[in-house]
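Structure file start-v1.txt (compact mmCIF, C-alpha atoms and all ligand atoms) is printed below.
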# COMPACT_ATOMS: atom_id res chain seq x y z
CA MET J 1 -15.24 12.94 -25.10
CA ALA J 2 -15.72 11.69 -21.51
CA GLU J 3 -12.69 11.95 -19.18
CA PRO J 4 -11.15 8.52 -18.49
CA SER J 5 -11.75 7.32 -14.96
CA PRO J 6 -8.82 8.34 -12.70
CA VAL J 7 -8.92 4.92 -11.01
CA LEU J 8 -9.58 1.56 -12.65
CA LEU J 9 -10.87 -1.44 -10.74
CA GLU J 10 -10.63 -4.99 -12.11
CA ARG J 11 -11.55 -8.27 -10.47
CA HIS J 12 -9.83 -11.61 -10.98
CA GLY J 13 -11.92 -13.80 -8.71
CA ALA J 14 -11.02 -12.99 -5.11
CA LEU J 15 -8.19 -10.68 -6.23
CA ALA J 16 -8.82 -7.00 -7.07
CA VAL J 17 -6.46 -4.81 -9.10
CA VAL J 18 -6.75 -1.07 -8.53
CA THR J 19 -4.90 1.11 -11.05
CA LEU J 20 -4.23 4.83 -10.59
CA ASN J 21 -5.02 6.21 -14.02
CA ARG J 22 -3.74 9.71 -14.75
CA PRO J 23 -0.63 8.60 -16.64
CA ASP J 24 0.14 11.96 -18.26
CA ARG J 25 0.56 13.40 -14.71
CA LEU J 26 2.36 10.29 -13.45
CA ASN J 27 -0.85 9.42 -11.57
CA SER J 28 -0.39 12.33 -9.17
CA PHE J 29 -3.41 13.00 -6.97
CA ASN J 30 -6.06 15.53 -7.76
CA GLU J 31 -9.34 15.50 -5.89
CA ALA J 32 -11.08 13.32 -8.49
CA GLN J 33 -8.40 10.63 -8.19
CA HIS J 34 -8.61 10.76 -4.38
CA ARG J 35 -12.38 10.36 -4.47
CA ALA J 36 -12.27 7.54 -7.02
CA LEU J 37 -9.60 5.68 -5.05
CA ARG J 38 -11.60 6.04 -1.86
CA THR J 39 -14.71 4.65 -3.58
CA ALA J 40 -12.73 1.71 -5.00
CA ILE J 41 -11.12 0.83 -1.67
CA ASP J 42 -14.35 1.26 0.31
CA THR J 43 -16.10 -1.03 -2.18
CA LEU J 44 -13.41 -3.69 -1.77
CA ALA J 45 -13.37 -3.30 2.01
CA ALA J 46 -17.10 -4.00 2.18
CA ASP J 47 -16.89 -7.01 -0.16
CA ASP J 48 -16.00 -10.26 1.61
CA SER J 49 -15.49 -11.97 -1.76
CA CYS J 50 -12.44 -9.72 -2.29
CA ARG J 51 -9.56 -11.29 -0.35
CA ALA J 52 -6.48 -9.47 -1.68
CA VAL J 53 -5.77 -6.20 -3.49
CA ILE J 54 -3.04 -5.02 -5.87
CA LEU J 55 -2.44 -1.27 -6.22
CA THR J 56 -0.52 -0.13 -9.29
CA GLY J 57 -0.21 2.78 -11.71
CA ALA J 58 -1.00 3.23 -15.40
CA GLY J 59 1.77 4.29 -17.75
CA ARG J 60 5.38 4.89 -16.76
CA GLY J 61 4.80 6.07 -13.16
CA PHE J 62 3.27 4.62 -10.01
CA CYS J 63 2.26 7.94 -8.44
CA ALA J 64 4.00 11.33 -8.17
CA GLY J 65 2.13 12.43 -5.01
CA GLN J 66 0.05 15.58 -4.98
CA ASP J 67 -0.77 17.13 -8.38
CA LEU J 68 1.19 20.34 -7.95
CA SER J 69 -0.68 22.07 -10.75
CA ASP J 70 -3.52 22.37 -8.21
CA ARG J 71 -1.18 24.12 -5.75
CA VAL J 72 0.15 27.06 -7.71
CA GLN J 73 -0.43 30.24 -5.69
CA PRO J 74 -1.11 33.47 -7.50
CA GLU J 75 1.22 36.26 -6.34
CA GLY J 76 -0.28 37.64 -3.13
CA GLY J 77 -3.02 34.98 -3.13
CA ALA J 78 -4.09 32.99 -0.09
CA ALA J 79 -1.98 29.94 0.85
CA PRO J 80 -3.75 26.58 0.61
CA ASP J 81 -4.58 24.72 3.83
CA LEU J 82 -2.53 21.57 3.29
CA GLY J 83 -3.54 20.25 6.71
CA GLN J 84 -7.07 20.13 5.39
CA THR J 85 -6.08 17.99 2.36
CA LEU J 86 -4.17 15.61 4.59
CA GLU J 87 -7.13 15.38 6.96
CA SER J 88 -9.65 14.89 4.16
CA PHE J 89 -7.75 12.68 1.73
CA TYR J 90 -4.22 11.42 2.40
CA ASN J 91 -4.63 10.44 6.05
CA PRO J 92 -7.90 8.52 5.58
CA LEU J 93 -6.34 6.72 2.59
CA ILE J 94 -3.32 5.54 4.57
CA ARG J 95 -5.47 4.63 7.59
CA THR J 96 -7.86 2.64 5.40
CA ILE J 97 -5.08 0.65 3.73
CA ARG J 98 -3.40 -0.12 7.06
CA ALA J 99 -6.72 -1.17 8.63
CA LEU J 100 -7.99 -3.19 5.66
CA PRO J 101 -8.38 -6.79 6.88
CA LYS J 102 -6.92 -8.17 3.64
CA PRO J 103 -3.45 -7.94 2.14
CA VAL J 104 -2.62 -5.02 -0.14
CA ILE J 105 0.26 -5.42 -2.59
CA ALA J 106 1.83 -2.34 -4.18
CA ALA J 107 3.06 -3.16 -7.68
CA VAL J 108 5.29 -0.15 -8.21
CA ASN J 109 5.61 0.08 -11.97
CA GLY J 110 7.62 3.30 -12.13
CA VAL J 111 8.55 6.38 -10.15
CA ALA J 112 6.84 6.75 -6.75
CA ALA J 113 7.36 10.26 -5.43
CA GLY J 114 6.08 12.30 -2.48
CA ALA J 115 2.81 10.93 -1.14
CA GLY J 116 3.00 8.37 -3.97
CA ALA J 117 6.12 6.83 -2.41
CA ASN J 118 4.54 6.71 1.03
CA LEU J 119 1.30 5.30 -0.35
CA ALA J 120 3.34 2.41 -1.76
CA LEU J 121 5.22 1.95 1.53
CA ALA J 122 1.93 1.82 3.46
CA CYS J 123 0.94 -1.30 1.52
CA ASP J 124 1.62 -4.70 3.07
CA ILE J 125 3.93 -6.09 0.40
CA VAL J 126 5.79 -3.84 -2.01
CA LEU J 127 7.03 -5.25 -5.32
CA ALA J 128 8.73 -2.83 -7.67
CA ALA J 129 9.94 -2.92 -11.25
CA LYS J 130 13.73 -2.59 -11.36
CA SER J 131 13.40 0.69 -13.25
CA ALA J 132 11.16 2.19 -10.53
CA LYS J 133 12.47 4.56 -7.90
CA PHE J 134 11.21 5.99 -4.63
CA ILE J 135 11.66 9.69 -3.93
CA GLN J 136 10.74 11.58 -0.77
CA ALA J 137 10.29 14.63 -2.99
CA PHE J 138 8.73 16.78 -0.26
CA SER J 139 11.87 18.60 0.87
CA LYS J 140 12.30 20.01 -2.63
CA ILE J 141 9.10 22.03 -2.16
CA GLY J 142 9.50 22.82 1.53
CA LEU J 143 7.22 20.12 2.99
CA ILE J 144 7.60 17.13 5.31
CA PRO J 145 7.18 13.48 4.20
CA ASP J 146 3.45 13.02 4.77
CA SER J 147 1.10 10.07 4.21
CA GLY J 148 2.89 8.29 7.05
CA GLY J 149 6.39 8.89 5.65
CA THR J 150 7.92 10.22 8.88
CA TRP J 151 6.55 7.17 10.73
CA MET J 152 7.17 4.47 8.15
CA LEU J 153 10.58 5.43 6.80
CA PRO J 154 12.59 5.25 10.05
CA ARG J 155 10.92 1.93 10.86
CA LEU J 156 11.79 0.50 7.48
CA VAL J 157 15.29 1.86 6.95
CA GLY J 158 16.42 3.31 10.32
CA GLU J 159 16.66 6.90 11.50
CA ALA J 160 19.96 7.75 9.82
CA ARG J 161 18.87 6.72 6.32
CA ALA J 162 15.33 8.04 6.82
CA LYS J 163 16.58 11.53 7.63
CA ALA J 164 18.99 11.59 4.71
CA LEU J 165 16.43 10.29 2.21
CA ALA J 166 13.82 12.76 3.48
CA MET J 167 16.06 15.81 3.67
CA LEU J 168 17.96 15.22 0.45
CA ALA J 169 15.08 13.78 -1.62
CA ILE J 170 17.53 11.22 -3.01
CA PRO J 171 15.89 8.87 -5.55
CA VAL J 172 16.19 5.28 -4.29
CA PRO J 173 16.20 2.77 -7.17
CA ALA J 174 14.08 -0.36 -6.64
CA GLU J 175 17.02 -2.74 -6.18
CA GLU J 176 18.57 -0.43 -3.58
CA ALA J 177 15.15 -0.15 -1.89
CA GLU J 178 15.07 -3.94 -1.63
CA ARG J 179 18.65 -4.09 -0.33
CA ILE J 180 17.97 -1.62 2.50
CA GLY J 181 14.68 -3.27 3.50
CA MET J 182 12.44 -0.47 2.27
CA ILE J 183 10.47 -2.83 0.01
CA TYR J 184 9.98 -6.58 -0.30
CA ARG J 185 11.40 -7.21 -3.78
CA ALA J 186 12.55 -5.63 -7.04
CA VAL J 187 11.72 -7.63 -10.16
CA GLU J 188 12.37 -7.30 -13.89
CA ASP J 189 10.10 -4.64 -15.39
CA ALA J 190 8.45 -7.08 -17.79
CA ALA J 191 7.73 -9.53 -14.96
CA LEU J 192 6.21 -7.06 -12.49
CA MET J 193 2.51 -7.61 -13.11
CA GLU J 194 2.91 -11.35 -13.57
CA GLU J 195 4.75 -11.58 -10.24
CA ALA J 196 2.23 -9.30 -8.53
CA MET J 197 -0.68 -11.36 -9.87
CA LYS J 198 0.97 -14.60 -8.77
CA LEU J 199 1.50 -13.24 -5.28
CA GLY J 200 -1.97 -11.69 -5.24
CA MET J 201 -3.68 -14.92 -6.32
CA SER J 202 -1.83 -16.90 -3.70
CA LEU J 203 -2.85 -14.38 -0.98
CA ALA J 204 -6.43 -14.26 -2.29
CA ASN J 205 -6.67 -18.02 -1.78
CA ALA J 206 -4.99 -18.02 1.63
CA PRO J 207 -6.74 -18.01 5.04
CA THR J 208 -7.86 -14.36 4.95
CA LEU J 209 -8.73 -14.06 8.64
CA GLY J 210 -5.26 -15.29 9.62
CA LEU J 211 -3.61 -12.84 7.23
CA ALA J 212 -5.72 -10.00 8.60
CA GLU J 213 -4.72 -10.82 12.18
CA THR J 214 -1.07 -11.14 11.11
CA LYS J 215 -1.19 -7.72 9.45
CA ALA J 216 -2.76 -6.08 12.50
CA LEU J 217 -0.34 -7.72 14.94
CA ILE J 218 2.81 -6.84 12.99
CA GLN J 219 1.65 -3.24 12.67
CA LYS J 220 0.92 -3.11 16.41
CA ALA J 221 4.37 -4.43 17.27
CA PHE J 222 5.82 -0.96 16.66
CA THR J 223 3.63 0.65 19.25
CA GLN J 224 3.61 -1.72 22.24
CA GLY J 225 5.87 -3.92 24.37
CA LEU J 226 6.34 -7.71 24.24
CA ASP J 227 3.93 -8.42 27.10
CA ALA J 228 1.04 -6.65 25.40
CA GLN J 229 1.99 -8.25 22.09
CA LEU J 230 1.94 -11.75 23.64
CA ASP J 231 -1.53 -11.05 25.02
CA ASP J 232 -2.71 -9.88 21.62
CA GLU J 233 -1.23 -12.98 19.95
CA ARG J 234 -3.12 -15.17 22.42
CA ASP J 235 -6.39 -13.38 21.66
CA ALA J 236 -5.86 -13.55 17.90
CA GLN J 237 -4.96 -17.24 18.02
CA ARG J 238 -8.09 -17.90 20.09
CA ARG J 239 -10.25 -16.21 17.44
CA LEU J 240 -8.47 -18.01 14.59
CA GLY J 241 -8.77 -21.37 16.32
CA ARG J 242 -12.52 -21.02 15.82
CA SER J 243 -12.27 -20.24 12.10
CA ALA J 244 -13.35 -22.62 9.34
CA ASP J 245 -10.02 -22.04 7.55
CA TYR J 246 -8.02 -23.28 10.53
CA ALA J 247 -10.13 -26.46 10.73
CA GLU J 248 -9.68 -26.94 6.97
CA GLY J 249 -5.92 -26.28 7.18
CA VAL J 250 -5.45 -28.97 9.82
CA ARG J 251 -7.71 -31.45 8.00
CA ALA J 252 -5.87 -30.86 4.72
CA PHE J 253 -2.49 -31.38 6.41
CA MET J 254 -3.60 -34.66 7.96
CA GLU J 255 -5.11 -35.83 4.68
CA LYS J 256 -1.97 -34.80 2.74
CA ARG J 257 -3.88 -32.59 0.29
CA GLU J 258 -4.02 -28.91 -0.67
CA ALA J 259 -6.22 -26.88 1.68
CA ARG J 260 -9.24 -25.07 0.23
CA PHE J 261 -9.50 -21.87 2.24
CA GLU J 262 -12.63 -19.76 2.05
CA GLY J 263 -11.63 -16.72 4.07
CA ARG J 264 -13.87 -17.46 7.04
O1 LIG J 301 -0.70 19.49 -1.40
C1 LIG J 301 -1.18 18.86 -0.50
O2 LIG J 301 -2.39 18.61 -0.45
C2 LIG J 301 -0.29 18.31 0.57
C3 LIG J 301 0.15 16.94 0.23
C4 LIG J 301 1.31 16.73 -0.41
C5 LIG J 301 1.70 15.39 -0.83
C6 LIG J 301 2.81 15.38 -1.84
O3 LIG J 301 2.92 14.39 -2.52
S1 LIG J 301 3.87 16.71 -1.99
C7 LIG J 301 5.01 16.14 -3.23
C8 LIG J 301 4.45 16.32 -4.61
N1 LIG J 301 5.20 15.61 -5.62
C9 LIG J 301 6.38 16.03 -6.07
O4 LIG J 301 6.94 17.00 -5.63
C10 LIG J 301 6.96 15.24 -7.22
C11 LIG J 301 6.97 16.12 -8.48
N2 LIG J 301 7.42 15.36 -9.63
C12 LIG J 301 8.74 15.11 -9.83
O5 LIG J 301 9.61 15.46 -9.07
C13 LIG J 301 9.07 14.39 -11.10
O6 LIG J 301 7.98 14.53 -12.01
C14 LIG J 301 9.34 12.88 -10.87
C15 LIG J 301 10.66 12.73 -10.15
C16 LIG J 301 8.22 12.22 -10.10
C17 LIG J 301 9.45 12.18 -12.26
O7 LIG J 301 10.38 12.86 -13.05
P1 LIG J 301 10.46 12.55 -14.61
O8 LIG J 301 11.59 13.36 -15.16
O9 LIG J 301 10.49 11.09 -14.81
O10 LIG J 301 9.08 13.03 -15.21
P2 LIG J 301 8.59 14.54 -15.45
O11 LIG J 301 8.94 14.97 -16.83
O12 LIG J 301 9.02 15.42 -14.35
O13 LIG J 301 7.00 14.35 -15.33
C18 LIG J 301 6.21 13.88 -16.41
C19 LIG J 301 4.95 14.74 -16.48
O14 LIG J 301 4.23 14.56 -15.27
C20 LIG J 301 5.30 16.22 -16.56
O15 LIG J 301 4.27 16.85 -17.29
P3 LIG J 301 4.58 17.40 -18.82
O16 LIG J 301 5.76 18.30 -18.71
O17 LIG J 301 4.86 16.14 -19.58
O18 LIG J 301 3.30 18.06 -19.19
C21 LIG J 301 5.20 16.66 -15.13
O19 LIG J 301 4.94 18.03 -14.96
C22 LIG J 301 4.05 15.82 -14.65
N3 LIG J 301 4.12 15.63 -13.19
C23 LIG J 301 4.95 14.83 -12.51
N4 LIG J 301 4.72 14.94 -11.21
C24 LIG J 301 3.71 15.81 -11.07
C25 LIG J 301 3.33 16.26 -12.33
N5 LIG J 301 2.36 17.16 -12.51
C26 LIG J 301 1.75 17.63 -11.41
N6 LIG J 301 2.07 17.24 -10.15
C27 LIG J 301 3.04 16.33 -9.96
N7 LIG J 301 3.33 15.92 -8.70
Would you mind writing the structure in this file as structure tokens?
Amino acid sequence: MAEPSPVLLERHGALAVVTLNRPDRLNSFNEAQHRALRTAIDTLAADDSCRAVILTGAGRGFCAGQDLSDRVQPEGGAAPDLGQTLESFYNPLIRTIRALPKPVIAAVNGVAAGAGANLALACDIVLAAKSAKFIQAFSKIGLIPDSGGTWMLPRLVGEARAKALAMLAIPVPAEEAERIGMIYRAVEDAALMEEAMKLGMSLANAPTLGLAETKALIQKAFTQGLDAQLDDERDAQRRLGRSADYAEGVRAFMEKREARFEGR
């Protein structure tokens, strides 16, 4: 029988749902899943009719990071070059999601561990089922939090918590993750996909160019001062002022009706 695809891609109009699909391994990454996810995201990136993306996991986990069964070293065997896997797979994945000019929602349906946790945190809006938890599992196997973890965690939760969570690999339940600002919201398990779809549909029908500029500017804010940020805001607003969605937004407001944004 043919192997099931390690990544599923569904379209609901302008909204795409990407599902990691190796549930018996908690959707941990092997090379096939990396390649399939890259293809799915590249396809959506190139498709202007896709205006928002949801990333979720099949089964009871979101993603348990690297598939460790591919990392077992025979006694006396050569060590793997983990820098190479980061360079080839994890880093491009995080860079692509951060640079994607459309919103990406993580719908964290269950445990998110190692690179799986940091993949979720790299998304623009993170919703999690209340039973989900986030674990910086790396320290348990002698590694550092990769996939942007050492950059993202201190920004989200502060240096003190980031170091403790990373060094102790403490599981953070979804509600606690919401309380400390690590994620946007924890929701009832049964409501997760409905909430994610609602949010996704509303983003998919929003002014996409404005959302893309908002995403880029907020991400930039961590790396530059206020003066440079004000200049970038001016430039973005100038570009957006020429967009069809801005003209439609103003017209709709004046005519007291719902705007019909087209993402251009
Ligand atoms: O290597 C490189 O290229 C560098 C990049 C590294 C990036 C990384 O992500 S390193 C970190 C790798 N991930 C981990 O260390 C997490 C390992 N998994 C766990 O700690 C636990 O599985 C969880 C805390 C995530 C969940 O625990 P629990 O008790 O809910 O489930 P479980 O029973 O441990 O797992 C269920 C099955 O999934 C189990 O298989 P089995 O016994 O039913 O056949 C388990 O072995 C498998 N599984 C879970 N995580 C992984 C995995 N198999 C391979 N690799 C995994 N990461």
(message) As a quick test: using only C-alpha atoms and all ligand atoms, which residues lie no more than 9 Å away from ligand LIG 301 (chain J)? Give them as a PyMOL selection string.
(response) chain J and resi 23-30+60-61+63-71+80-86+89-90+110-118+133-141+143-147+171
(request) Record the distance separating atom CA of Arg234 of chain J and atom CA of Ile183 of chain J, expressed in Å with one decimal. (result)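 Interatomic distance, atom CA of Arg234 of chain J to atom CA of Ile183 of chain J: 29.0 Å.
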(message) Excluding Gln229 of chain J and its own-chain neighbours fewer than 5 positions away, which residues fall within 9 Å of it when counting all atoms listed in the file? Please give them as a PyMOL selection string.
(response) chain J and resi 217+220-221+224+234
(request) Select, from J:Ile105, J:Ala14, J:Cys50, J:Met152, the residue with the minimum atom-to-atom distance to Met193 of chain J, counting all atoms listed in the file. (result)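 Comparing J:Ile105, J:Ala14, J:Cys50, J:Met152 against Met193 of chain J, the winner is J:Ile105.
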(message) If we count all atoms listed in the file and set the cut-off at 9 Å, which residues sit around Ala45 of chain J, ignoring sequence neighbours fewer than 2 positions away in its own chain? Please answer as a ChimeraX atom specification.
(response) /J:40-43,47-48,50,96,100-102
(request) Counting all atoms listed in the file, figure out which residue out of J:Arg238, J:Lys215, J:Arg155, J:Arg264 gets nearest to Ile125 of chain J. (result)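 The closest residue to Ile125 of chain J is J:Lys215.
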